[in-house]
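Engineer: The structure file query_31.txt (compact mmCIF, C-alpha atoms) is provided below.
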# COMPACT_ATOMS: atom_id res chain seq x y z
CA MET A 28 0.00 0.00 0.00
CA THR A 29 1.29 3.45 -0.88
CA TYR A 30 -0.11 6.72 0.38
CA PRO A 31 0.11 9.47 -2.21
CA ARG A 32 -1.09 12.91 -1.14
CA GLY A 33 -2.88 13.76 -4.36
CA GLY A 34 -6.37 13.07 -3.09
CA LEU A 35 -6.06 14.97 0.16
CA ASN A 36 -7.59 18.14 -1.27
CA ALA A 37 -10.95 16.39 -0.89
CA HIS A 38 -10.80 17.25 2.82
CA PRO A 39 -12.03 20.50 4.30
CA PRO A 40 -9.45 23.08 5.37
CA SER A 41 -8.99 23.35 9.14
CA LEU A 42 -10.30 26.89 9.24
CA HIS A 43 -13.82 27.46 7.97
CA PRO A 44 -15.11 30.58 9.77
CA PRO A 45 -18.81 29.98 8.99
CA TYR A 46 -18.39 26.97 11.30
CA ALA A 47 -17.59 29.12 14.32
CA SER A 48 -15.89 26.45 16.42
CA THR A 49 -13.08 26.12 13.87
CA VAL A 50 -11.78 29.63 14.58
CA LYS A 51 -10.11 28.93 17.93
CA ARG A 52 -9.37 25.30 17.10
CA THR A 53 -7.27 25.70 13.98
CA PRO A 54 -3.48 25.77 14.00
CA SER A 55 -2.24 29.13 12.74
CA LYS A 56 1.18 27.85 11.71
CA PRO A 57 1.73 25.66 8.66
CA LEU A 58 1.68 21.92 9.16
CA VAL A 59 5.09 20.27 8.86
CA LEU A 60 5.22 17.86 5.93
CA LEU A 61 6.20 14.48 7.36
CA PRO A 62 7.73 11.72 5.21
CA HIS A 63 6.03 8.47 6.12
CA SER A 64 7.69 5.84 8.22
CA LEU A 65 6.46 2.54 9.63
CA GLY A 66 4.37 4.29 12.27
CA GLU A 67 2.32 6.04 9.60
CA VAL A 68 1.76 3.09 7.24
CA THR A 69 0.65 0.84 10.09
CA GLY A 70 -2.38 1.39 12.28
CA PRO A 71 -4.76 -0.29 14.68
CA VAL A 72 -6.16 -3.62 13.54
CA TYR A 73 -9.51 -4.84 14.81
CA GLY A 74 -10.65 -8.33 13.95
CA HIS A 75 -14.06 -9.91 13.79
CA GLY A 76 -14.09 -10.36 17.55
CA SER A 77 -14.46 -6.59 17.82
CA VAL A 78 -18.03 -6.55 16.59
CA THR A 79 -21.10 -8.42 17.76
CA ALA A 80 -23.98 -9.09 15.37
CA ALA A 81 -26.31 -7.02 17.53
CA GLU A 82 -24.13 -3.97 17.10
CA ALA A 83 -24.87 -3.69 13.37
CA ASP A 84 -28.61 -3.46 14.05
CA LEU A 85 -29.33 -0.31 16.03
CA THR A 86 -33.04 -1.15 16.13
CA ARG A 87 -32.54 -4.27 18.25
CA GLN A 88 -30.47 -3.05 21.15
CA HIS A 89 -33.38 -2.60 23.54
CA THR A 90 -36.55 -4.44 24.47
CA GLY A 91 -38.77 -2.59 22.00
CA GLU A 92 -38.37 -1.14 18.56
CA PRO A 93 -37.27 2.48 18.22
CA LEU A 94 -39.67 5.02 16.76
CA GLY A 95 -38.98 6.48 13.36
CA GLU A 96 -38.32 5.37 9.84
CA ARG A 97 -36.38 2.09 9.81
CA ILE A 98 -33.57 2.17 7.25
CA ILE A 99 -30.80 -0.03 5.93
CA VAL A 100 -27.42 1.60 5.33
CA THR A 101 -25.12 -0.42 3.16
CA GLY A 102 -22.04 0.19 1.08
CA ARG A 103 -18.45 -0.64 0.42
CA VAL A 104 -15.21 0.60 1.88
CA LEU A 105 -12.62 1.06 -0.85
CA ASP A 106 -9.11 2.40 -1.30
CA GLU A 107 -8.13 5.07 -3.81
CA ASP A 108 -7.69 2.41 -6.50
CA GLY A 109 -11.26 1.28 -5.94
CA ARG A 110 -10.14 -1.95 -4.28
CA PRO A 111 -12.12 -3.19 -1.34
CA VAL A 112 -10.86 -2.66 2.19
CA PRO A 113 -11.86 -5.97 3.77
CA HIS A 114 -12.38 -6.73 7.46
CA THR A 115 -12.13 -3.16 8.64
CA LEU A 116 -14.05 -1.76 11.59
CA ILE A 117 -16.77 0.85 11.17
CA GLU A 118 -18.19 2.70 14.16
CA VAL A 119 -21.33 4.82 13.77
CA TRP A 120 -23.36 7.11 16.00
CA GLN A 121 -26.37 9.31 15.38
CA ALA A 122 -29.36 11.17 16.76
CA ASN A 123 -32.71 9.42 17.07
CA ALA A 124 -35.64 10.00 14.71
CA ALA A 125 -36.59 13.12 16.65
CA GLY A 126 -33.16 14.65 16.25
CA ARG A 127 -32.00 13.98 19.80
CA TYR A 128 -28.74 12.34 20.88
CA ILE A 129 -28.62 10.35 24.08
CA HIS A 130 -25.45 12.30 24.84
CA ALA A 131 -25.58 13.99 28.24
CA LYS A 132 -24.74 17.37 26.72
CA ASP A 133 -27.50 17.35 24.11
CA GLN A 134 -30.21 19.64 25.48
CA HIS A 135 -32.40 19.84 22.37
CA PRO A 136 -36.01 19.64 23.66
CA ALA A 137 -36.94 16.65 21.53
CA PRO A 138 -37.78 13.31 23.09
CA LEU A 139 -35.28 10.62 23.86
CA ASP A 140 -36.31 7.16 22.72
CA PRO A 141 -35.90 4.46 25.39
CA ASN A 142 -35.49 1.94 22.57
CA PHE A 143 -32.71 3.73 20.74
CA THR A 144 -29.13 4.45 21.71
CA GLY A 145 -27.83 5.36 18.28
CA ALA A 146 -24.44 3.64 18.48
CA GLY A 147 -23.36 0.75 16.29
CA ARG A 148 -20.44 -1.14 14.80
CA SER A 149 -19.93 -3.15 11.68
CA MET A 150 -17.03 -4.97 10.04
CA THR A 151 -16.57 -5.01 6.29
CA ASP A 152 -16.57 -8.45 4.66
CA ALA A 153 -13.97 -9.81 2.23
CA GLU A 154 -15.36 -7.55 -0.52
CA GLY A 155 -15.35 -4.46 1.68
CA ARG A 156 -19.12 -4.52 2.14
CA TYR A 157 -20.92 -3.48 5.29
CA ARG A 158 -24.57 -3.28 6.31
CA LEU A 159 -26.29 -1.50 9.16
CA VAL A 160 -29.93 -1.31 10.21
CA THR A 161 -31.05 1.80 12.03
CA VAL A 162 -33.66 4.55 11.97
CA LYS A 163 -33.33 7.70 9.94
CA PRO A 164 -31.95 10.41 12.23
CA GLY A 165 -33.79 13.70 12.54
CA ALA A 166 -32.37 17.13 11.83
CA TYR A 167 -31.48 19.09 14.95
CA PRO A 168 -30.73 22.66 15.92
CA TRP A 169 -27.34 23.92 17.04
CA ARG A 170 -26.12 27.32 18.09
CA ASN A 171 -23.57 28.08 15.41
CA HIS A 172 -25.66 30.92 14.02
CA HIS A 173 -29.27 32.11 14.09
CA ASN A 174 -31.69 29.31 13.22
CA ALA A 175 -28.91 26.83 12.55
CA TRP A 176 -29.98 23.23 11.89
CA ARG A 177 -27.80 20.28 11.00
CA PRO A 178 -29.00 18.18 8.08
CA ALA A 179 -29.79 14.62 9.12
CA HIS A 180 -26.56 12.64 9.32
CA ILE A 181 -24.88 9.54 10.67
CA HIS A 182 -21.34 9.85 12.04
CA PHE A 183 -18.85 7.28 10.74
CA SER A 184 -15.42 6.39 12.15
CA LEU A 185 -13.06 4.08 10.24
CA PHE A 186 -9.48 2.85 10.52
CA GLY A 187 -8.65 1.31 7.16
CA HIS A 188 -5.18 -0.08 6.59
CA SER A 189 -3.08 2.41 8.55
CA PHE A 190 -2.71 5.52 10.68
CA LEU A 191 -2.89 7.47 7.40
CA SER A 192 -6.27 6.07 6.40
CA ARG A 193 -7.99 7.02 9.67
CA LEU A 194 -11.25 8.77 8.82
CA VAL A 195 -14.05 10.34 10.80
CA THR A 196 -16.85 11.66 8.66
CA GLN A 197 -20.61 12.07 8.35
CA MET A 198 -23.08 10.48 5.96
CA TYR A 199 -25.99 12.60 4.73
CA PHE A 200 -29.28 11.78 3.02
CA PRO A 201 -30.19 12.71 -0.54
CA GLY A 202 -32.24 15.84 -1.15
CA ASP A 203 -31.88 17.35 2.31
CA PRO A 204 -33.13 20.95 2.17
CA LEU A 205 -30.62 21.99 4.84
CA PHE A 206 -27.51 21.38 2.70
CA PRO A 207 -27.14 24.98 1.46
CA PHE A 208 -27.22 26.30 5.01
CA ASP A 209 -24.90 23.87 6.79
CA PRO A 210 -21.36 25.17 7.32
CA ILE A 211 -20.03 21.73 8.28
CA PHE A 212 -21.18 20.09 5.04
CA ASN A 213 -20.08 23.16 3.08
CA SER A 214 -16.64 23.24 4.68
CA ILE A 215 -15.61 20.85 1.90
CA PRO A 216 -14.64 23.19 -0.90
CA ASP A 217 -14.92 20.77 -3.80
CA GLU A 218 -18.50 20.09 -4.82
CA GLN A 219 -17.77 16.60 -6.13
CA ALA A 220 -16.02 15.69 -2.90
CA ARG A 221 -18.84 17.18 -0.85
CA ASN A 222 -21.43 15.18 -2.72
CA ARG A 223 -19.59 11.97 -1.89
CA LEU A 224 -20.94 12.36 1.64
CA ILE A 225 -24.52 12.12 0.41
CA SER A 226 -25.80 8.58 0.45
CA ARG A 227 -27.82 7.29 -2.50
CA PHE A 228 -31.30 5.84 -2.20
CA ASP A 229 -30.93 2.18 -3.11
CA LEU A 230 -34.07 0.49 -4.35
CA GLU A 231 -32.29 -2.82 -4.87
CA ALA A 232 -31.22 -3.07 -1.25
CA THR A 233 -34.59 -1.77 -0.06
CA GLU A 234 -36.59 -4.56 1.53
CA PRO A 235 -40.27 -4.75 0.56
CA GLU A 236 -42.74 -4.09 3.38
CA TRP A 237 -39.83 -3.42 5.73
CA ALA A 238 -37.20 -0.69 5.18
CA LEU A 239 -35.75 1.77 2.67
CA ALA A 240 -32.06 1.36 1.93
CA TYR A 241 -29.35 3.95 1.42
CA GLN A 242 -25.99 3.22 -0.12
CA PHE A 243 -22.89 4.95 1.20
CA ASP A 244 -19.52 3.96 -0.20
CA ILE A 245 -16.44 5.20 1.59
CA VAL A 246 -13.06 5.73 -0.03
CA LEU A 247 -10.09 5.65 2.33
CA ARG A 248 -6.59 6.83 1.69
CA GLY A 249 -4.15 4.45 0.03
CA ARG A 250 -3.34 2.86 -3.29
CA SER A 251 -2.39 -0.70 -3.95
CA ALA A 252 1.37 -0.93 -4.29
CA THR A 253 2.54 -1.79 -7.79
CA PRO A 254 6.00 -2.85 -8.98
CA MET A 255 6.30 0.46 -10.81
CA GLU A 256 6.42 2.35 -7.54
CA GLU A 257 8.93 2.39 -4.75
CA PRO A 258 7.02 0.50 -2.08
CA HIS A 259 7.99 2.88 0.66
CA ASP A 260 8.57 6.04 -1.27
CA ASP A 261 6.15 8.36 0.38
CA MET B 46 -18.72 8.40 -5.51
CA THR B 47 -16.66 7.98 -8.66
CA ASP B 48 -15.39 11.22 -10.11
CA ALA B 49 -15.67 12.15 -13.76
CA ASP B 50 -12.21 10.75 -14.50
CA GLY B 51 -13.29 7.34 -13.19
CA ALA B 52 -11.03 7.33 -10.14
CA PRO B 53 -12.81 7.05 -6.81
CA GLY B 54 -12.08 10.19 -4.87
CA LEU B 55 -11.36 10.19 -1.17
CA THR B 56 -14.29 10.49 1.19
CA PRO B 57 -13.82 13.86 2.90
CA SER B 58 -13.41 14.21 6.63
CA GLN B 59 -16.01 15.84 8.88
CA THR B 60 -15.76 16.85 12.50
CA VAL B 61 -16.26 14.21 15.19
CA GLY B 62 -18.66 16.71 16.78
CA PRO B 63 -19.45 17.05 20.49
CA TYR B 64 -21.55 13.87 20.86
CA PHE B 65 -19.15 11.03 20.07
CA HIS B 66 -18.63 9.73 23.61
CA TYR B 67 -21.44 7.19 23.78
CA MET B 68 -19.95 5.43 20.75
CA LEU B 69 -16.22 6.07 20.70
CA THR B 70 -15.44 6.38 24.42
CA PRO B 71 -18.58 4.79 25.87
CA ARG B 72 -17.54 3.77 29.36
CA SER B 73 -19.67 6.36 31.14
CA TYR B 74 -22.66 5.30 29.04
CA GLY B 75 -22.22 1.63 29.83
CA GLY B 76 -21.28 0.89 26.23
CA ARG B 77 -18.85 -1.81 25.16
CA GLU B 78 -15.33 -0.42 24.78
CA ILE B 79 -13.02 -1.86 22.17
CA VAL B 80 -10.21 0.50 23.10
CA ASN B 81 -9.46 2.76 26.01
CA SER B 82 -6.61 4.74 27.49
CA ASP B 83 -4.74 1.76 28.98
CA LEU B 84 -2.45 0.17 26.41
CA THR B 85 -0.61 -2.08 28.81
CA THR B 86 -1.13 -5.82 28.57
CA GLN B 87 -0.30 -8.64 30.95
CA GLY B 88 3.41 -9.32 30.98
CA ILE B 89 4.24 -6.65 28.43
CA ALA B 90 7.95 -5.92 28.17
CA GLY B 91 9.17 -2.38 28.50
CA GLU B 92 9.36 0.62 30.73
CA ARG B 93 5.95 1.61 32.07
CA LEU B 94 4.90 5.07 31.08
CA ARG B 95 2.02 7.33 31.94
CA ILE B 96 1.29 10.35 29.80
CA GLU B 97 -0.88 13.14 31.11
CA GLY B 98 -1.81 16.32 29.35
CA ARG B 99 -4.44 18.85 28.48
CA VAL B 100 -5.80 20.10 25.19
CA PHE B 101 -6.18 23.87 24.76
CA ASP B 102 -7.63 26.15 22.11
CA ALA B 103 -5.93 29.21 20.61
CA ASP B 104 -6.95 31.34 23.60
CA GLY B 105 -5.55 28.84 26.07
CA ALA B 106 -9.02 27.66 27.11
CA PRO B 107 -9.27 23.95 27.84
CA ILE B 108 -11.09 21.86 25.24
CA SER B 109 -13.42 19.60 27.14
CA ASP B 110 -14.88 17.75 24.16
CA ALA B 111 -11.78 16.51 22.37
CA MET B 112 -10.70 12.93 21.78
CA VAL B 113 -7.04 11.95 21.67
CA GLU B 114 -5.89 8.78 19.93
CA ILE B 115 -2.36 7.40 20.12
CA TRP B 116 -0.53 4.78 18.05
CA GLN B 117 2.88 3.41 18.91
CA ALA B 118 5.42 0.62 18.62
CA ASP B 119 6.19 -1.77 21.44
CA ALA B 120 9.47 -1.65 23.37
CA HIS B 121 11.24 -3.44 20.50
CA GLY B 122 10.03 -1.06 17.81
CA ALA B 123 7.39 -3.48 16.50
CA PHE B 124 3.83 -2.54 15.57
CA ALA B 125 0.78 -4.78 15.94
CA HIS B 126 0.15 -4.65 12.19
CA PRO B 127 0.88 -6.96 9.25
CA ALA B 128 3.19 -4.37 7.62
CA SER B 129 5.51 -4.42 10.64
CA PRO B 130 8.66 -6.49 9.95
CA LYS B 131 8.73 -7.54 13.61
CA ALA B 132 5.68 -8.86 15.44
CA ALA B 133 4.48 -6.91 18.46
CA SER B 134 4.93 -8.71 21.78
CA ASN B 135 2.48 -10.09 24.33
CA GLY B 136 -0.69 -8.97 22.63
CA PHE B 137 0.39 -5.34 22.67
CA ARG B 138 -1.97 -3.48 20.38
CA GLY B 139 -0.32 -0.07 20.51
CA PHE B 140 -3.53 1.88 20.16
CA GLY B 141 -5.28 4.04 22.72
CA ARG B 142 -8.17 6.46 22.83
CA CYS B 143 -9.10 8.97 25.53
CA PRO B 144 -11.71 11.73 25.72
CA THR B 145 -10.75 14.98 27.43
CA ASP B 146 -12.53 15.86 30.65
CA ALA B 147 -14.03 19.16 31.84
CA HIS B 148 -10.49 20.52 32.30
CA GLY B 149 -9.33 19.41 28.87
CA ALA B 150 -7.28 16.65 30.49
CA TYR B 151 -6.47 13.23 29.09
CA ALA B 152 -4.10 10.45 30.16
CA PHE B 153 -2.69 7.20 28.80
CA ASP B 154 -1.00 4.26 30.50
CA THR B 155 1.43 2.58 28.18
CA ILE B 156 5.07 1.58 27.73
CA MET B 157 8.01 3.47 26.32
CA PRO B 158 8.13 2.69 22.58
CA GLY B 159 11.32 1.37 21.03
CA VAL B 160 13.32 2.82 18.17
CA VAL B 161 11.72 2.59 14.72
CA GLU B 162 13.90 3.31 11.71
CA THR B 163 12.79 5.35 8.73
CA PHE B 164 12.44 3.43 5.47
CA ASP B 165 15.92 4.64 4.47
CA GLY B 166 17.39 3.21 7.65
CA ARG B 167 17.80 6.24 9.91
CA PRO B 168 16.88 5.71 13.55
CA GLN B 169 14.04 7.83 14.91
CA SER B 170 13.94 8.87 18.51
CA PRO B 171 11.16 6.91 20.29
CA HIS B 172 7.85 8.63 19.82
CA ILE B 173 4.10 8.12 19.88
CA SER B 174 1.83 9.20 17.03
CA VAL B 175 -1.17 11.27 18.06
CA ASN B 176 -4.45 12.25 16.41
CA VAL B 177 -6.61 14.95 17.95
CA PHE B 178 -10.33 15.05 17.16
CA ALA B 179 -12.84 17.62 18.41
CA ARG B 180 -15.86 19.69 17.65
CA GLY B 181 -14.53 22.48 15.43
CA VAL B 182 -11.76 20.25 14.09
CA LEU B 183 -12.87 19.30 10.59
CA LYS B 184 -10.05 16.83 10.06
CA GLN B 185 -8.02 15.25 12.82
CA LEU B 186 -4.76 16.97 13.71
CA ALA B 187 -1.68 14.73 13.75
CA THR B 188 1.29 15.25 16.01
CA ARG B 189 3.93 13.20 17.83
CA ILE B 190 4.97 12.83 21.44
CA TYR B 191 8.75 12.68 21.92
CA PHE B 192 10.55 12.20 25.22
CA ALA B 193 12.50 15.16 26.55
CA GLY B 194 16.03 14.42 27.70
CA ARG B 195 16.90 11.69 25.20
CA ALA B 196 20.22 12.13 23.44
CA ASP B 197 18.88 10.90 20.10
CA LEU B 198 16.35 13.74 19.76
CA ALA B 199 18.97 15.88 18.04
CA ASP B 200 19.19 13.45 15.12
CA ASP B 201 15.53 12.58 14.76
CA PRO B 202 14.60 12.95 11.08
CA ALA B 203 11.11 14.32 11.81
CA LEU B 204 12.23 16.78 14.48
CA LEU B 205 14.90 18.08 12.10
CA LEU B 206 12.06 19.21 9.81
CA VAL B 207 10.58 21.30 12.62
CA PRO B 208 11.82 24.88 13.19
CA ASP B 209 14.17 24.92 16.22
CA GLU B 210 12.02 27.24 18.28
CA ARG B 211 8.97 24.98 17.92
CA ARG B 212 10.53 21.58 18.67
CA GLY B 213 9.87 21.94 22.36
CA THR B 214 6.13 21.63 21.73
CA LEU B 215 6.70 17.97 20.78
CA LEU B 216 8.77 17.04 23.84
CA ALA B 217 7.12 15.51 26.87
CA PRO B 218 9.11 16.23 30.03
CA GLU B 219 9.29 13.66 32.83
CA ILE B 220 7.44 15.36 35.68
CA ALA B 221 7.68 12.38 38.04
CA LYS B 222 9.14 8.91 37.78
CA GLY B 223 7.42 7.22 34.83
CA LEU B 224 5.10 10.20 34.28
CA ARG B 225 5.38 12.44 31.23
CA GLU B 226 3.38 15.56 30.47
CA PHE B 227 2.25 16.41 26.96
CA ASN B 228 -0.04 19.38 26.45
CA ILE B 229 -1.62 19.98 23.07
CA ARG B 230 -2.30 23.55 22.00
CA LEU B 231 -4.32 24.03 18.85
CA GLY B 232 -3.21 27.66 18.59
CA GLY B 233 -1.59 30.52 20.45
CA GLU B 234 2.04 31.46 21.11
CA THR B 235 3.15 27.94 21.91
CA GLU B 236 0.96 26.16 19.39
CA THR B 237 1.83 22.48 19.10
CA VAL B 238 3.52 21.40 15.89
CA PHE B 239 1.10 19.41 13.75
CA PHE B 240 2.21 17.29 10.85
CA ASP B 241 0.90 17.05 7.33
CA ILE B 242 0.91 13.33 6.87
Show me this structure written as structure tokens.
Structural biologist:
Amino acid sequence: MTYPRGGLNAHPPSLHPPYASTVKRTPSKPLVLLPHSLGEVTGPVYGHGSVTAAEADLTRQHTGEPLGERIIVTGRVLDEDGRPVPHTLIEVWQANAAGRYIHAKDQHPAPLDPNFTGAGRSMTDAEGRYRLVTVKPGAYPWRNHHNAWRPAHIHFSLFGHSFLSRLVTQMYFPGDPLFPFDPIFNSIPDEQARNRLISRFDLEATEPEWALAYQFDIVLRGRSATPMEEPHDD
Amino acid sequence: MTDADGAPGLTPSQTVGPYFHYMLTPRSYGGREIVNSDLTTQGIAGERLRIEGRVFDADGAPISDAMVEIWQADAHGAFAHPASPKAASNGFRGFGRCPTDAHGAYAFDTIMPGVVETFDGRPQSPHISVNVFARGVLKQLATRIYFAGRADLADDPALLLVPDERRGTLLAPEIAKGLREFNIRLGGETETVFFDI
């Protein structure tokens, strides 16, 4: 695996003043370009023992079923060559259907759901595929600016092959009317890159009489090493 | 997901936000932890090490909703990863995760990492790789913890890339036996050096 830097401009810059919290939390001095060594091209490895079957179904973690629109979220985790990233851990968390997190600091006056925690894990299979069952999260207000609302989203955390492929991101839903007004979504300057965070409605994976499906593929840093490249030439 | 030129583009990063704890550091919520801030394993070889520090914003205010992750070699310079030429010892995983508390404080219990050479064979001074995540941080910030007082710091290939006057921000002093302090400042006069990796 090699880790070229060419794709990194997909990421948002650290400073994006419309997202007010970035202002005091952005380094003011330039980052120091670091040639990769073993500590960068390795990273935490979590095997199948890390995930229980129940964790991939966020609707079955309590005695009853959560309220809201049941959905399936499925997709593939790939590298920059489009090759699957197999057996890699995915951690997700989200608000409930009313737009409320169980987090102690979330004070949004929307109801908690005793049947929904909103935390799950999944492991990709040999083809890089994953599947989660959950409920569609609600939009919720935040205090970034007047009348600020986050579009509905699910937080994703992934490791991939190395320290360099570590990714924390958010998955959005197609057609959300809040996109133009959300400074977090719009912190990504490139429109194509931004749109990669919007899941796609997936009729094929939708299960009749049961749940709509959304497809969200994730591309992590890294290219398959080829003999034409120096294997460790950053 | 595929761009016009047919190559899949990277999925962009987004902030971890303020509400990650019940998934990523779920102890206080009764959730199942797969990683925490104690990296030590039964019978692990190496010098025990505790790292304590705080995370501050550009005004010097503590950041109480950050998450710090660390990644390191074992005492022999081996990583628990298939790309490591040497296998890590005694089940040492080398990965830790800790949320900051109301004072911006975090801590890890681990062992002193060994020397890891660069790919062109130069020894690096022992260090721990760090990622900082927080609300307001759109993409994690990467830095390294080095150990103040070591003679090999002067020749460390990564530290040599850092302006002299800023190197101190990467050095964790020993404030008590086996206890090192490493504060992380996202801005301000003594802003921590972050790496573009």
Engineer: Find the residues near segment 162-165 of chain B: any atom within 12 Å, counting all atoms listed in the file, skip ones fewer than 5 places away on the same chain, and give them as a PDB file with C-alpha atoms, in the frame of the given file.
Structural biologist:
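The resulting file, result17.pdb, is reproduced below:
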ATOM      1  CA  LEU A  61       6.200  14.480   7.360  1.00  0.00           C
ATOM      2  CA  PRO A  62       7.730  11.720   5.210  1.00  0.00           C
ATOM      3  CA  HIS A  63       6.030   8.470   6.120  1.00  0.00           C
ATOM      4  CA  SER A  64       7.690   5.840   8.220  1.00  0.00           C
ATOM      5  CA  LEU A  65       6.460   2.540   9.630  1.00  0.00           C
ATOM      6  CA  GLY A  66       4.370   4.290  12.270  1.00  0.00           C
ATOM      7  CA  GLU A  67       2.320   6.040   9.600  1.00  0.00           C
ATOM      8  CA  VAL A  68       1.760   3.090   7.240  1.00  0.00           C
ATOM      9  CA  GLU A 257       8.930   2.390  -4.750  1.00  0.00           C
ATOM     10  CA  PRO A 258       7.020   0.500  -2.080  1.00  0.00           C
ATOM     11  CA  HIS A 259       7.990   2.880   0.660  1.00  0.00           C
ATOM     12  CA  ASP A 260       8.570   6.040  -1.270  1.00  0.00           C
ATOM     13  CA  ASP A 261       6.150   8.360   0.380  1.00  0.00           C
TER      14      ASP A 261
ATOM     15  CA  ALA B 118       5.420   0.620  18.620  1.00  0.00           C
ATOM     16  CA  HIS B 121      11.240  -3.440  20.500  1.00  0.00           C
ATOM     17  CA  GLY B 122      10.030  -1.060  17.810  1.00  0.00           C
ATOM     18  CA  ALA B 123       7.390  -3.480  16.500  1.00  0.00           C
ATOM     19  CA  SER B 129       5.510  -4.420  10.640  1.00  0.00           C
ATOM     20  CA  PRO B 130       8.660  -6.490   9.950  1.00  0.00           C
ATOM     21  CA  SER B 170      13.940   8.870  18.510  1.00  0.00           C
ATOM     22  CA  PRO B 171      11.160   6.910  20.290  1.00  0.00           C
ATOM     23  CA  HIS B 172       7.850   8.630  19.820  1.00  0.00           C
ATOM     24  CA  ASP B 200      19.190  13.450  15.120  1.00  0.00           C
ATOM     25  CA  ASP B 201      15.530  12.580  14.760  1.00  0.00           C
ATOM     26  CA  PRO B 202      14.600  12.950  11.080  1.00  0.00           C
ATOM     27  CA  ALA B 203      11.110  14.320  11.810  1.00  0.00           C
TER      28      ALA B 203
END
Engineer: Hey, list the chain B side of the contact with chain A: 8 Å cut-off, all atoms listed in the file, answer as a VMD selection string.
Structural biologist: chain B and resid 46 48 52 to 61 64 to 69 79 102 to 104 116 to 118 124 to 129 138 to 140 161 to 164 174 180 to 184 203 206 to 207 231 to 233 236 238 to 242
Engineer: Could the residues in this selection be written to a file with C-alpha atoms, as a short mmCIF file (atom, residue, chain, number, x, y, z; two decimals), in the coordinates of the input?
Structural biologist:
data_model
loop_
_atom_site.label_atom_id
_atom_site.label_comp_id
_atom_site.auth_asym_id
_atom_site.auth_seq_id
_atom_site.Cartn_x
_atom_site.Cartn_y
_atom_site.Cartn_z
CA MET B 46 -18.72 8.40 -5.51
CA ASP B 48 -15.39 11.22 -10.11
CA ALA B 52 -11.03 7.33 -10.14
CA PRO B 53 -12.81 7.05 -6.81
CA GLY B 54 -12.08 10.19 -4.87
CA LEU B 55 -11.36 10.19 -1.17
CA THR B 56 -14.29 10.49 1.19
CA PRO B 57 -13.82 13.86 2.90
CA SER B 58 -13.41 14.21 6.63
CA GLN B 59 -16.01 15.84 8.88
CA THR B 60 -15.76 16.85 12.50
CA VAL B 61 -16.26 14.21 15.19
CA TYR B 64 -21.55 13.87 20.86
CA PHE B 65 -19.15 11.03 20.07
CA HIS B 66 -18.63 9.73 23.61
CA TYR B 67 -21.44 7.19 23.78
CA MET B 68 -19.95 5.43 20.75
CA LEU B 69 -16.22 6.07 20.70
CA ILE B 79 -13.02 -1.86 22.17
CA ASP B 102 -7.63 26.15 22.11
CA ALA B 103 -5.93 29.21 20.61
CA ASP B 104 -6.95 31.34 23.60
CA TRP B 116 -0.53 4.78 18.05
CA GLN B 117 2.88 3.41 18.91
CA ALA B 118 5.42 0.62 18.62
CA PHE B 124 3.83 -2.54 15.57
CA ALA B 125 0.78 -4.78 15.94
CA HIS B 126 0.15 -4.65 12.19
CA PRO B 127 0.88 -6.96 9.25
CA ALA B 128 3.19 -4.37 7.62
CA SER B 129 5.51 -4.42 10.64
CA ARG B 138 -1.97 -3.48 20.38
CA GLY B 139 -0.32 -0.07 20.51
CA PHE B 140 -3.53 1.88 20.16
CA VAL B 161 11.72 2.59 14.72
CA GLU B 162 13.90 3.31 11.71
CA THR B 163 12.79 5.35 8.73
CA PHE B 164 12.44 3.43 5.47
CA SER B 174 1.83 9.20 17.03
CA ARG B 180 -15.86 19.69 17.65
CA GLY B 181 -14.53 22.48 15.43
CA VAL B 182 -11.76 20.25 14.09
CA LEU B 183 -12.87 19.30 10.59
CA LYS B 184 -10.05 16.83 10.06
CA ALA B 203 11.11 14.32 11.81
CA LEU B 206 12.06 19.21 9.81
CA VAL B 207 10.58 21.30 12.62
CA LEU B 231 -4.32 24.03 18.85
CA GLY B 232 -3.21 27.66 18.59
CA GLY B 233 -1.59 30.52 20.45
CA GLU B 236 0.96 26.16 19.39
CA VAL B 238 3.52 21.40 15.89
CA PHE B 239 1.10 19.41 13.75
CA PHE B 240 2.21 17.29 10.85
CA ASP B 241 0.90 17.05 7.33
CA ILE B 242 0.91 13.33 6.87
#
Engineer: Can you tell me how far atom CA of Ile108 of chain B sits from atom CA of Leu198 of chain B, in Å to one decimal?
Structural biologist: 29.1 Å
Engineer: Could you give me the axis-aligned bounding box of segment 196-209 of chain A, with 8 Å of padding per side, as centre plus edge lengths in Å to one decimal, as JSON?
Structural biologist:
{"center_x": -25.0, "center_y": 18.4, "center_z": 3.8, "size_x": 32.3, "size_y": 31.8, "size_z": 25.8}
Engineer: Using atom CA of His148 of chain B and atom CA of Gly105 of chain B as the two end points, give the distance in Å to one decimal.
Structural biologist: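 These two atoms are separated by 11.5 Å.
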Engineer: Show me as number ranges by chain the residues that reach within 9 Å of (-6.6, 17.0, 21.3), counting only C-alpha atoms and using the file's own coordinates.
Structural biologist: B: 99-101, 108, 110-114, 144-145, 149, 151, 175-179, 185-186, 228-231
Engineer: Provide the atom CA of Pro164 of chain A to atom CA of Ser109 of chain B distance in Å, to one decimal place.
Structural biologist: 25.5 Å
